[in-house]
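Have a look at start_22.tsv below; it lists TSV, N, CA, C and O atoms.
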chain	number	residue	atom	x	y	z
A	151	MET	N	0.85	-1.15	0.00
A	151	MET	CA	0.00	0.00	0.00
A	151	MET	C	0.91	1.23	0.00
A	151	MET	O	1.94	1.24	0.67
A	152	ASN	N	0.54	2.24	-0.78
A	152	ASN	CA	1.31	3.47	-0.76
A	152	ASN	C	0.37	4.67	-0.80
A	152	ASN	O	-0.77	4.58	-1.24
A	153	TYR	N	0.89	5.80	-0.31
A	153	TYR	CA	0.11	7.02	-0.26
A	153	TYR	C	0.99	8.16	-0.77
A	153	TYR	O	2.09	8.36	-0.26
A	154	LYS	N	0.52	8.89	-1.76
A	154	LYS	CA	1.28	10.01	-2.31
A	154	LYS	C	1.09	11.24	-1.43
A	154	LYS	O	-0.03	11.64	-1.15
A	155	LEU	N	2.21	11.83	-1.02
A	155	LEU	CA	2.17	13.05	-0.24
A	155	LEU	C	2.18	14.27	-1.16
A	155	LEU	O	1.34	15.15	-1.06
A	156	LYS	N	3.17	14.30	-2.04
A	156	LYS	CA	3.30	15.34	-3.05
A	156	LYS	C	3.59	14.65	-4.37
A	156	LYS	O	3.58	13.43	-4.45
A	157	LYS	N	3.92	15.43	-5.39
A	157	LYS	CA	4.15	14.86	-6.72
A	157	LYS	C	5.24	13.78	-6.71
A	157	LYS	O	5.08	12.73	-7.32
A	158	ASP	N	6.34	14.02	-6.02
A	158	ASP	CA	7.47	13.09	-6.03
A	158	ASP	C	7.71	12.41	-4.69
A	158	ASP	O	8.79	11.91	-4.44
A	159	GLN	N	6.72	12.40	-3.80
A	159	GLN	CA	6.90	11.81	-2.47
A	159	GLN	C	5.78	10.81	-2.18
A	159	GLN	O	4.62	11.06	-2.47
A	160	GLU	N	6.19	9.67	-1.58
A	160	GLU	CA	5.22	8.63	-1.21
A	160	GLU	C	5.59	8.03	0.14
A	160	GLU	O	6.77	7.98	0.50
A	161	VAL	N	4.60	7.56	0.84
A	161	VAL	CA	4.80	6.76	2.05
A	161	VAL	C	4.38	5.34	1.68
A	161	VAL	O	3.32	5.13	1.09
A	162	LEU	N	5.23	4.36	2.01
A	162	LEU	CA	4.98	2.96	1.63
A	162	LEU	C	4.75	2.13	2.89
A	162	LEU	O	5.41	2.33	3.91
A	163	TRP	N	3.87	1.14	2.79
A	163	TRP	CA	3.56	0.24	3.89
A	163	TRP	C	3.37	-1.15	3.31
A	163	TRP	O	2.52	-1.35	2.44
A	164	VAL	N	4.16	-2.12	3.75
A	164	VAL	CA	4.09	-3.48	3.22
A	164	VAL	C	3.98	-4.46	4.37
A	164	VAL	O	4.77	-4.43	5.31
A	165	ILE	N	2.99	-5.33	4.31
A	165	ILE	CA	2.83	-6.41	5.28
A	165	ILE	C	2.86	-7.72	4.49
A	165	ILE	O	2.18	-7.85	3.48
A	166	SER	N	3.68	-8.67	4.95
A	166	SER	CA	3.75	-9.94	4.21
A	166	SER	C	3.85	-11.12	5.17
A	166	SER	O	4.26	-10.97	6.32
A	167	ARG	N	3.45	-12.27	4.68
A	167	ARG	CA	3.56	-13.54	5.41
A	167	ARG	C	4.08	-14.55	4.41
A	167	ARG	O	3.49	-14.76	3.35
A	168	ARG	N	5.21	-15.16	4.74
A	168	ARG	CA	5.82	-16.16	3.86
A	168	ARG	C	5.86	-17.51	4.56
A	168	ARG	O	5.92	-17.58	5.78
A	169	VAL	N	5.88	-18.56	3.77
A	169	VAL	CA	6.06	-19.92	4.28
A	169	VAL	C	7.39	-20.42	3.75
A	169	VAL	O	7.66	-20.36	2.56
A	170	ASN	N	8.23	-20.90	4.64
A	170	ASN	CA	9.54	-21.45	4.28
A	170	ASN	C	9.54	-22.92	4.67
A	170	ASN	O	9.35	-23.25	5.84
A	171	ARG	N	9.72	-23.79	3.70
A	171	ARG	CA	9.73	-25.24	3.97
A	171	ARG	C	11.14	-25.77	3.77
A	171	ARG	O	11.91	-25.21	2.99
A	172	PRO	N	11.49	-26.86	4.44
A	172	PRO	CA	12.81	-27.46	4.22
A	172	PRO	C	12.96	-27.85	2.76
A	172	PRO	O	12.01	-28.23	2.11
A	173	GLY	N	14.18	-27.73	2.24
A	173	GLY	CA	14.45	-28.06	0.84
A	173	GLY	C	14.23	-29.53	0.54
A	173	GLY	O	14.10	-30.36	1.44
A	174	ALA	N	14.19	-29.85	-0.73
A	174	ALA	CA	13.99	-31.24	-1.16
A	174	ALA	C	15.09	-32.12	-0.59
A	174	ALA	O	16.25	-31.78	-0.60
A	175	GLY	N	14.70	-33.26	-0.09
A	175	GLY	CA	15.67	-34.20	0.47
A	175	GLY	C	16.04	-33.89	1.91
A	175	GLY	O	16.73	-34.66	2.55
A	176	ILE	N	15.57	-32.76	2.44
A	176	ILE	CA	15.90	-32.41	3.82
A	176	ILE	C	14.65	-32.53	4.69
A	176	ILE	O	14.65	-32.25	5.85
A	177	GLY	N	13.55	-32.92	4.13
A	177	GLY	CA	12.30	-33.02	4.87
A	177	GLY	C	12.31	-34.15	5.88
A	177	GLY	O	12.74	-33.98	7.01
A	178	SER	N	11.87	-35.32	5.51
A	178	SER	CA	11.73	-36.40	6.48
A	178	SER	C	12.45	-37.69	6.07
A	178	SER	O	12.28	-38.71	6.71
A	179	CYS	N	13.23	-37.67	5.00
A	179	CYS	CA	13.89	-38.90	4.56
A	179	CYS	C	15.40	-38.67	4.40
A	179	CYS	O	15.88	-37.56	4.46
A	180	ARG	N	16.12	-39.76	4.18
A	180	ARG	CA	17.57	-39.71	3.96
A	180	ARG	C	17.83	-39.73	2.46
A	180	ARG	O	17.20	-40.49	1.73
A	181	ASP	N	18.76	-38.90	2.02
A	181	ASP	CA	19.03	-38.77	0.59
A	181	ASP	C	20.53	-38.79	0.37
A	181	ASP	O	21.25	-37.99	0.94
A	182	LEU	N	21.00	-39.73	-0.42
A	182	LEU	CA	22.42	-39.84	-0.74
A	182	LEU	C	22.67	-39.03	-2.01
A	182	LEU	O	22.31	-39.44	-3.10
A	183	VAL	N	23.28	-37.84	-1.85
A	183	VAL	CA	23.56	-36.98	-3.00
A	183	VAL	C	24.75	-37.54	-3.76
A	183	VAL	O	24.70	-37.76	-4.95
A	184	THR	N	25.85	-37.75	-3.05
A	184	THR	CA	27.02	-38.45	-3.58
A	184	THR	C	27.53	-39.31	-2.43
A	184	THR	O	27.00	-39.26	-1.33
A	185	GLN	N	28.58	-40.06	-2.66
A	185	GLN	CA	29.11	-40.89	-1.58
A	185	GLN	C	29.67	-40.05	-0.44
A	185	GLN	O	29.74	-40.51	0.69
A	186	LEU	N	30.05	-38.80	-0.72
A	186	LEU	CA	30.63	-37.94	0.31
A	186	LEU	C	29.66	-36.88	0.83
A	186	LEU	O	30.00	-36.13	1.73
A	187	ASN	N	28.46	-36.81	0.26
A	187	ASN	CA	27.46	-35.82	0.68
A	187	ASN	C	26.15	-36.52	0.97
A	187	ASN	O	25.50	-37.03	0.07
A	188	ILE	N	25.76	-36.52	2.23
A	188	ILE	CA	24.53	-37.19	2.65
A	188	ILE	C	23.61	-36.17	3.31
A	188	ILE	O	24.03	-35.44	4.20
A	189	ARG	N	22.35	-36.11	2.86
A	189	ARG	CA	21.35	-35.25	3.48
A	189	ARG	C	20.43	-36.12	4.33
A	189	ARG	O	19.95	-37.15	3.86
A	190	ILE	N	20.22	-35.70	5.55
A	190	ILE	CA	19.40	-36.47	6.49
A	190	ILE	C	18.18	-35.65	6.85
A	190	ILE	O	18.30	-34.49	7.28
A	191	GLY	N	17.00	-36.21	6.68
A	191	GLY	CA	15.76	-35.50	6.97
A	191	GLY	C	15.47	-35.40	8.45
A	191	GLY	O	16.06	-36.10	9.28
A	192	ASN	N	14.57	-34.49	8.80
A	192	ASN	CA	14.13	-34.31	10.17
A	192	ASN	C	12.61	-34.29	10.17
A	192	ASN	O	11.99	-33.27	9.85
A	193	PRO	N	11.96	-35.40	10.54
A	193	PRO	CA	10.49	-35.47	10.48
A	193	PRO	C	9.81	-34.56	11.50
A	193	PRO	O	8.61	-34.35	11.41
A	194	LYS	N	10.54	-33.98	12.45
A	194	LYS	CA	9.94	-33.10	13.45
A	194	LYS	C	9.72	-31.68	12.93
A	194	LYS	O	9.08	-30.87	13.59
A	195	LEU	N	10.25	-31.37	11.75
A	195	LEU	CA	10.15	-30.01	11.22
A	195	LEU	C	8.73	-29.68	10.78
A	195	LEU	O	8.06	-30.49	10.15
A	196	LYS	N	8.30	-28.47	11.11
A	196	LYS	CA	7.05	-27.92	10.63
A	196	LYS	C	7.40	-26.77	9.70
A	196	LYS	O	8.51	-26.23	9.76
A	197	PRO	N	6.49	-26.34	8.84
A	197	PRO	CA	6.79	-25.18	7.99
A	197	PRO	C	7.09	-23.95	8.86
A	197	PRO	O	6.47	-23.75	9.91
A	198	GLU	N	8.04	-23.15	8.41
A	198	GLU	CA	8.39	-21.91	9.11
A	198	GLU	C	7.57	-20.78	8.51
A	198	GLU	O	7.52	-20.62	7.29
A	199	PHE	N	6.90	-20.00	9.35
A	199	PHE	CA	6.13	-18.85	8.90
A	199	PHE	C	6.88	-17.58	9.27
A	199	PHE	O	7.36	-17.45	10.40
A	200	ILE	N	7.01	-16.66	8.32
A	200	ILE	CA	7.72	-15.41	8.54
A	200	ILE	C	6.75	-14.25	8.28
A	200	ILE	O	6.25	-14.10	7.17
A	201	ASN	N	6.46	-13.49	9.33
A	201	ASN	CA	5.61	-12.31	9.22
A	201	ASN	C	6.50	-11.09	9.24
A	201	ASN	O	7.38	-10.97	10.09
A	202	SER	N	6.32	-10.16	8.31
A	202	SER	CA	7.14	-8.96	8.30
A	202	SER	C	6.32	-7.72	7.97
A	202	SER	O	5.31	-7.79	7.27
A	203	ILE	N	6.77	-6.59	8.53
A	203	ILE	CA	6.16	-5.29	8.28
A	203	ILE	C	7.28	-4.34	7.87
A	203	ILE	O	8.30	-4.25	8.55
A	204	ASN	N	7.09	-3.65	6.77
A	204	ASN	CA	8.03	-2.63	6.30
A	204	ASN	C	7.26	-1.33	6.10
A	204	ASN	O	6.16	-1.35	5.56
A	205	ALA	N	7.85	-0.23	6.52
A	205	ALA	CA	7.28	1.09	6.24
A	205	ALA	C	8.41	1.97	5.76
A	205	ALA	O	9.54	1.85	6.22
A	206	GLY	N	8.13	2.85	4.83
A	206	GLY	CA	9.20	3.68	4.29
A	206	GLY	C	8.68	4.95	3.67
A	206	GLY	O	7.48	5.15	3.48
A	207	TYR	N	9.60	5.82	3.36
A	207	TYR	CA	9.32	7.08	2.70
A	207	TYR	C	10.13	7.11	1.42
A	207	TYR	O	11.31	6.79	1.42
A	208	GLN	N	9.51	7.45	0.32
A	208	GLN	CA	10.20	7.49	-0.96
A	208	GLN	C	10.06	8.87	-1.57
A	208	GLN	O	8.97	9.40	-1.70
A	209	GLU	N	11.20	9.43	-1.91
A	209	GLU	CA	11.20	10.68	-2.66
A	209	GLU	C	11.92	10.39	-3.97
A	209	GLU	O	12.97	9.77	-3.96
A	210	LYS	N	11.35	10.80	-5.06
A	210	LYS	CA	11.89	10.44	-6.37
A	210	LYS	C	13.17	11.21	-6.66
A	210	LYS	O	13.20	12.15	-7.43
A	211	LEU	N	14.25	10.78	-6.01
A	211	LEU	CA	15.60	11.25	-6.29
A	211	LEU	C	16.33	10.03	-6.85
A	211	LEU	O	17.12	9.41	-6.18
A	212	GLY	N	15.98	9.66	-8.04
A	212	GLY	CA	16.46	8.39	-8.58
A	212	GLY	C	15.55	7.30	-8.04
A	212	GLY	O	14.34	7.41	-8.09
A	213	LYS	N	16.17	6.28	-7.42
A	213	LYS	CA	15.38	5.19	-6.85
A	213	LYS	C	15.63	5.07	-5.35
A	213	LYS	O	15.52	3.99	-4.78
A	214	ALA	N	15.95	6.16	-4.69
A	214	ALA	CA	16.27	6.14	-3.26
A	214	ALA	C	15.01	5.94	-2.42
A	214	ALA	O	13.98	6.57	-2.65
A	215	ILE	N	15.09	5.02	-1.46
A	215	ILE	CA	14.01	4.77	-0.51
A	215	ILE	C	14.61	4.76	0.89
A	215	ILE	O	15.61	4.09	1.13
A	216	LEU	N	14.01	5.49	1.78
A	216	LEU	CA	14.44	5.49	3.17
A	216	LEU	C	13.49	4.59	3.94
A	216	LEU	O	12.29	4.82	3.97
A	217	LEU	N	14.03	3.54	4.54
A	217	LEU	CA	13.23	2.59	5.31
A	217	LEU	C	13.33	2.97	6.78
A	217	LEU	O	14.42	3.02	7.33
A	218	PHE	N	12.21	3.28	7.42
A	218	PHE	CA	12.27	3.71	8.81
A	218	PHE	C	11.62	2.75	9.78
A	218	PHE	O	11.68	2.97	10.98
A	219	LEU	N	11.03	1.68	9.32
A	219	LEU	CA	10.47	0.69	10.22
A	219	LEU	C	10.57	-0.69	9.58
A	219	LEU	O	10.22	-0.86	8.42
A	220	PHE	N	11.07	-1.64	10.33
A	220	PHE	CA	11.14	-3.01	9.84
A	220	PHE	C	10.92	-3.94	11.02
A	220	PHE	O	11.54	-3.78	12.07
A	221	MET	N	10.03	-4.91	10.89
A	221	MET	CA	9.76	-5.88	11.94
A	221	MET	C	9.60	-7.24	11.28
A	221	MET	O	8.96	-7.36	10.23
A	222	MET	N	10.23	-8.27	11.87
A	222	MET	CA	10.09	-9.62	11.35
A	222	MET	C	9.88	-10.58	12.52
A	222	MET	O	10.56	-10.48	13.54
A	223	GLN	N	8.95	-11.49	12.37
A	223	GLN	CA	8.65	-12.49	13.39
A	223	GLN	C	8.64	-13.86	12.72
A	223	GLN	O	8.05	-14.03	11.65
A	224	LYS	N	9.30	-14.84	13.36
A	224	LYS	CA	9.32	-16.21	12.82
A	224	LYS	C	8.56	-17.14	13.77
A	224	LYS	O	8.66	-17.01	14.98
A	225	GLN	N	7.86	-18.10	13.18
A	225	GLN	CA	7.21	-19.17	13.93
A	225	GLN	C	7.75	-20.49	13.38
A	225	GLN	O	7.87	-20.65	12.17
A	226	ASN	N	8.06	-21.44	14.25
A	226	ASN	CA	8.59	-22.76	13.88
A	226	ASN	C	9.91	-22.63	13.12
A	226	ASN	O	10.12	-23.32	12.13
A	227	GLY	N	10.77	-21.77	13.55
A	227	GLY	CA	12.04	-21.53	12.86
A	227	GLY	C	12.94	-22.76	12.85
A	227	GLY	O	12.95	-23.56	13.77
A	228	PHE	N	13.69	-22.92	11.77
A	228	PHE	CA	14.69	-23.98	11.67
A	228	PHE	C	15.90	-23.45	10.92
A	228	PHE	O	15.84	-22.40	10.29
A	229	MET	N	17.01	-24.14	11.04
A	229	MET	CA	18.22	-23.74	10.31
A	229	MET	C	18.91	-24.96	9.76
A	229	MET	O	18.81	-26.06	10.31
A	230	ARG	N	19.62	-24.77	8.66
A	230	ARG	CA	20.36	-25.86	8.02
A	230	ARG	C	21.70	-26.02	8.72
A	230	ARG	O	22.41	-25.06	8.97
A	231	VAL	N	22.05	-27.26	9.04
A	231	VAL	CA	23.29	-27.58	9.74
A	231	VAL	C	24.09	-28.54	8.88
A	231	VAL	O	23.55	-29.50	8.34
A	232	SER	N	25.39	-28.28	8.75
A	232	SER	CA	26.27	-29.15	7.97
A	232	SER	C	27.41	-29.62	8.87
A	232	SER	O	28.07	-28.80	9.51
A	233	LEU	N	27.62	-30.92	8.94
A	233	LEU	CA	28.69	-31.51	9.74
A	233	LEU	C	29.59	-32.33	8.82
A	233	LEU	O	29.11	-33.01	7.92
A	234	VAL	N	30.89	-32.26	9.07
A	234	VAL	CA	31.84	-33.03	8.26
A	234	VAL	C	32.61	-33.98	9.17
A	234	VAL	O	33.19	-33.56	10.17
A	235	ASN	N	32.58	-35.26	8.83
A	235	ASN	CA	33.37	-36.25	9.54
A	235	ASN	C	34.79	-36.17	8.99
A	235	ASN	O	35.04	-36.52	7.83
A	236	THR	N	35.73	-35.68	9.80
A	236	THR	CA	37.09	-35.46	9.31
A	236	THR	C	37.85	-36.76	9.03
A	236	THR	O	38.80	-36.76	8.27
A	237	THR	N	37.40	-37.86	9.61
A	237	THR	CA	38.05	-39.14	9.35
A	237	THR	C	37.69	-39.67	7.97
A	237	THR	O	38.55	-40.10	7.20
A	238	SER	N	36.40	-39.63	7.63
A	238	SER	CA	35.94	-40.19	6.35
A	238	SER	C	35.69	-39.12	5.28
A	238	SER	O	35.40	-39.46	4.14
A	239	ASN	N	35.76	-37.83	5.66
A	239	ASN	CA	35.46	-36.70	4.76
A	239	ASN	C	34.04	-36.74	4.21
A	239	ASN	O	33.78	-36.23	3.13
A	240	ILE	N	33.11	-37.33	4.95
A	240	ILE	CA	31.71	-37.37	4.54
A	240	ILE	C	31.02	-36.15	5.15
A	240	ILE	O	31.15	-35.88	6.34
A	241	SER	N	30.24	-35.45	4.34
A	241	SER	CA	29.49	-34.27	4.77
A	241	SER	C	28.03	-34.66	5.00
A	241	SER	O	27.40	-35.27	4.14
A	242	TYR	N	27.51	-34.34	6.17
A	242	TYR	CA	26.10	-34.60	6.52
A	242	TYR	C	25.39	-33.26	6.65
A	242	TYR	O	25.85	-32.35	7.33
A	243	VAL	N	24.24	-33.13	5.99
A	243	VAL	CA	23.45	-31.91	6.04
A	243	VAL	C	22.05	-32.25	6.53
A	243	VAL	O	21.44	-33.20	6.08
A	244	THR	N	21.55	-31.43	7.48
A	244	THR	CA	20.20	-31.63	7.98
A	244	THR	C	19.64	-30.28	8.41
A	244	THR	O	20.37	-29.29	8.47
A	245	ASN	N	18.35	-30.22	8.70
A	245	ASN	CA	17.74	-29.03	9.28
A	245	ASN	C	17.46	-29.30	10.74
A	245	ASN	O	17.05	-30.39	11.12
A	246	LYS	N	17.67	-28.29	11.55
A	246	LYS	CA	17.54	-28.42	13.00
A	246	LYS	C	16.55	-27.39	13.51
A	246	LYS	O	16.53	-26.25	13.03
A	247	ILE	N	15.77	-27.78	14.50
A	247	ILE	CA	14.80	-26.86	15.11
A	247	ILE	C	15.52	-25.89	15.99
A	247	ILE	O	16.43	-26.20	16.70
Translate this structure into structure tokens?
Amino acid sequence: MNYKLKKDQEVLWVISRRVNRPGAGIGSCRDLVTQLNIRIGNPKLKPEFINSINAGYQEKLGKAILLFLFMMQKQNGFMRVSLVNTTSNISYVTNKI
């Protein structure tokens, strides 16, 4: 949503909700990518929801935008973890809560 203040000035307001799911092969099963790269699933993972709010002021001086408010909230967050066995040089990748 945007609101024009003057000819070259606007106030912007953006609200969004995204869904982030584990990548293919990282969901709930084991996947052998190569003999040295193994992806291990995590069946406990739920989709991650990301809610964000952005507000800004734009003045048409080229494409400059001044962002003065940003908020992000995550639900069911997870992160990708990579471990390397130094003895066998096998890389294991999984998602962790």
(message) To one decimal place in Å, what is the distance between atom CA of A:Lys210 and atom CA of A:Ser166?
(response) 24.4 Å
(request) Mind checking which residues fall within 12 Å of A:Lys213, counting only C-alpha atoms, ignoring those fewer than 6 positions away in the same chain, and posting them as a PyMOL selection string? (result) chain A and resi 158-159+207
(message) Please report the interatomic distance between atom N of A:Ser202 and atom O of A:Thr244 in Å with one decimal.
(response)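 Atom O of A:Thr244 lies at a distance of 23.7 Å from atom N of A:Ser202.
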(message) With all atoms listed in the file as the counted atoms, please give the residues lying no more than 7 Å from stretch 193-200 of chain A, apart from itself and same-chain residues fewer than 6 positions off, as a list in words.
(response)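 So, after excluding close chain neighbours, the residues are Ser166, Arg167, Arg168, Val169, Asn170, Arg171, Pro172, Ile176, Gly177, Ser178, Cys179, Met222, Gln223, Lys224, Gln225, Asn226, Gly227, Phe228, Asn245 and Ile247 of chain A.
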(request) For A:Trp163, work out the shell of residues within 6 Å, counting only N, CA, C and O atoms and skipping chain neighbours fewer than 3 positions away, then give it as a ChimeraX atom specification. (result) /A:151-152,204-206
(request) Have a look at atom CA of A:Asn201 and atom CA of A:Val164 and let me know their distance in Å, one decimal. (result)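 So the two atoms, atom CA of A:Asn201 and atom CA of A:Val164, lie 10.8 Å apart.
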(message) Residues of chain A classed as strand (DSSP E or B) by DSSP on the backbone are to be reported as a count of residues only.
(response) 63
Return stretch 224-234 of chain A, completed with all heavy atoms, as a PDB file, in the coordinates of the input.
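As written to disk, result-v5.pdb reads:
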ATOM      1  N   LYS A 224       9.300 -14.840  13.360  1.00  0.00           N
ATOM      2  CA  LYS A 224       9.320 -16.210  12.820  1.00  0.00           C
ATOM      3  C   LYS A 224       8.560 -17.140  13.770  1.00  0.00           C
ATOM      4  O   LYS A 224       8.660 -17.010  14.980  1.00  0.00           O
ATOM      5  CB  LYS A 224      10.748 -16.728  12.690  1.00  0.00           C
ATOM      6  CG  LYS A 224      11.522 -16.150  11.553  1.00  0.00           C
ATOM      7  CD  LYS A 224      12.868 -16.841  11.438  1.00  0.00           C
ATOM      8  CE  LYS A 224      13.651 -16.328  10.274  1.00  0.00           C
ATOM      9  NZ  LYS A 224      14.902 -17.075  10.109  1.00  0.00           N
ATOM     10  N   GLN A 225       7.860 -18.100  13.180  1.00  0.00           N
ATOM     11  CA  GLN A 225       7.210 -19.170  13.930  1.00  0.00           C
ATOM     12  C   GLN A 225       7.750 -20.490  13.380  1.00  0.00           C
ATOM     13  O   GLN A 225       7.870 -20.650  12.170  1.00  0.00           O
ATOM     14  CB  GLN A 225       5.696 -19.139  13.736  1.00  0.00           C
ATOM     15  CG  GLN A 225       5.040 -17.909  14.294  1.00  0.00           C
ATOM     16  CD  GLN A 225       3.577 -17.855  13.876  1.00  0.00           C
ATOM     17  OE1 GLN A 225       3.268 -17.873  12.697  1.00  0.00           O
ATOM     18  NE2 GLN A 225       2.700 -17.783  14.847  1.00  0.00           N
ATOM     19  N   ASN A 226       8.060 -21.440  14.250  1.00  0.00           N
ATOM     20  CA  ASN A 226       8.590 -22.760  13.880  1.00  0.00           C
ATOM     21  C   ASN A 226       9.910 -22.630  13.120  1.00  0.00           C
ATOM     22  O   ASN A 226      10.120 -23.320  12.130  1.00  0.00           O
ATOM     23  CB  ASN A 226       7.594 -23.548  13.014  1.00  0.00           C
ATOM     24  CG  ASN A 226       6.264 -23.750  13.682  1.00  0.00           C
ATOM     25  OD1 ASN A 226       6.191 -23.834  14.897  1.00  0.00           O
ATOM     26  ND2 ASN A 226       5.208 -23.793  12.913  1.00  0.00           N
ATOM     27  N   GLY A 227      10.770 -21.770  13.550  1.00  0.00           N
ATOM     28  CA  GLY A 227      12.040 -21.530  12.860  1.00  0.00           C
ATOM     29  C   GLY A 227      12.940 -22.760  12.850  1.00  0.00           C
ATOM     30  O   GLY A 227      12.950 -23.560  13.770  1.00  0.00           O
ATOM     31  N   PHE A 228      13.690 -22.920  11.770  1.00  0.00           N
ATOM     32  CA  PHE A 228      14.690 -23.980  11.670  1.00  0.00           C
ATOM     33  C   PHE A 228      15.900 -23.450  10.920  1.00  0.00           C
ATOM     34  O   PHE A 228      15.840 -22.400  10.290  1.00  0.00           O
ATOM     35  CB  PHE A 228      14.130 -25.239  10.988  1.00  0.00           C
ATOM     36  CG  PHE A 228      13.603 -25.017   9.607  1.00  0.00           C
ATOM     37  CD1 PHE A 228      14.448 -25.027   8.512  1.00  0.00           C
ATOM     38  CD2 PHE A 228      12.253 -24.815   9.391  1.00  0.00           C
ATOM     39  CE1 PHE A 228      13.960 -24.839   7.234  1.00  0.00           C
ATOM     40  CE2 PHE A 228      11.756 -24.620   8.121  1.00  0.00           C
ATOM     41  CZ  PHE A 228      12.610 -24.633   7.043  1.00  0.00           C
ATOM     42  N   MET A 229      17.010 -24.140  11.040  1.00  0.00           N
ATOM     43  CA  MET A 229      18.220 -23.740  10.310  1.00  0.00           C
ATOM     44  C   MET A 229      18.910 -24.960   9.760  1.00  0.00           C
ATOM     45  O   MET A 229      18.810 -26.060  10.310  1.00  0.00           O
ATOM     46  CB  MET A 229      19.162 -22.950  11.216  1.00  0.00           C
ATOM     47  CG  MET A 229      19.732 -23.713  12.357  1.00  0.00           C
ATOM     48  SD  MET A 229      20.790 -22.613  13.302  1.00  0.00           S
ATOM     49  CE  MET A 229      21.409 -23.741  14.516  1.00  0.00           C
ATOM     50  N   ARG A 230      19.620 -24.770   8.660  1.00  0.00           N
ATOM     51  CA  ARG A 230      20.360 -25.860   8.020  1.00  0.00           C
ATOM     52  C   ARG A 230      21.700 -26.020   8.720  1.00  0.00           C
ATOM     53  O   ARG A 230      22.410 -25.060   8.970  1.00  0.00           O
ATOM     54  CB  ARG A 230      20.574 -25.550   6.542  1.00  0.00           C
ATOM     55  CG  ARG A 230      21.279 -26.697   5.819  1.00  0.00           C
ATOM     56  CD  ARG A 230      21.158 -26.574   4.351  1.00  0.00           C
ATOM     57  NE  ARG A 230      19.784 -26.907   4.018  1.00  0.00           N
ATOM     58  CZ  ARG A 230      19.289 -26.834   2.797  1.00  0.00           C
ATOM     59  NH1 ARG A 230      20.018 -26.421   1.807  1.00  0.00           N
ATOM     60  NH2 ARG A 230      18.045 -27.164   2.564  1.00  0.00           N
ATOM     61  N   VAL A 231      22.050 -27.260   9.040  1.00  0.00           N
ATOM     62  CA  VAL A 231      23.290 -27.580   9.740  1.00  0.00           C
ATOM     63  C   VAL A 231      24.090 -28.540   8.880  1.00  0.00           C
ATOM     64  O   VAL A 231      23.550 -29.500   8.340  1.00  0.00           O
ATOM     65  CB  VAL A 231      23.002 -28.232  11.116  1.00  0.00           C
ATOM     66  CG1 VAL A 231      24.291 -28.603  11.819  1.00  0.00           C
ATOM     67  CG2 VAL A 231      22.171 -27.312  11.981  1.00  0.00           C
ATOM     68  N   SER A 232      25.390 -28.280   8.750  1.00  0.00           N
ATOM     69  CA  SER A 232      26.270 -29.150   7.970  1.00  0.00           C
ATOM     70  C   SER A 232      27.410 -29.620   8.870  1.00  0.00           C
ATOM     71  O   SER A 232      28.070 -28.800   9.510  1.00  0.00           O
ATOM     72  CB  SER A 232      26.821 -28.385   6.770  1.00  0.00           C
ATOM     73  OG  SER A 232      27.671 -29.212   6.024  1.00  0.00           O
ATOM     74  N   LEU A 233      27.620 -30.920   8.940  1.00  0.00           N
ATOM     75  CA  LEU A 233      28.690 -31.510   9.740  1.00  0.00           C
ATOM     76  C   LEU A 233      29.590 -32.330   8.820  1.00  0.00           C
ATOM     77  O   LEU A 233      29.110 -33.010   7.920  1.00  0.00           O
ATOM     78  CB  LEU A 233      28.112 -32.415  10.826  1.00  0.00           C
ATOM     79  CG  LEU A 233      27.109 -31.775  11.781  1.00  0.00           C
ATOM     80  CD1 LEU A 233      26.419 -32.853  12.612  1.00  0.00           C
ATOM     81  CD2 LEU A 233      27.807 -30.783  12.673  1.00  0.00           C
ATOM     82  N   VAL A 234      30.890 -32.260   9.070  1.00  0.00           N
ATOM     83  CA  VAL A 234      31.840 -33.030   8.260  1.00  0.00           C
ATOM     84  C   VAL A 234      32.610 -33.980   9.170  1.00  0.00           C
ATOM     85  O   VAL A 234      33.190 -33.560  10.170  1.00  0.00           O
ATOM     86  CB  VAL A 234      32.832 -32.102   7.511  1.00  0.00           C
ATOM     87  CG1 VAL A 234      33.852 -32.924   6.738  1.00  0.00           C
ATOM     88  CG2 VAL A 234      32.087 -31.161   6.598  1.00  0.00           C
TER      89      VAL A 234
END
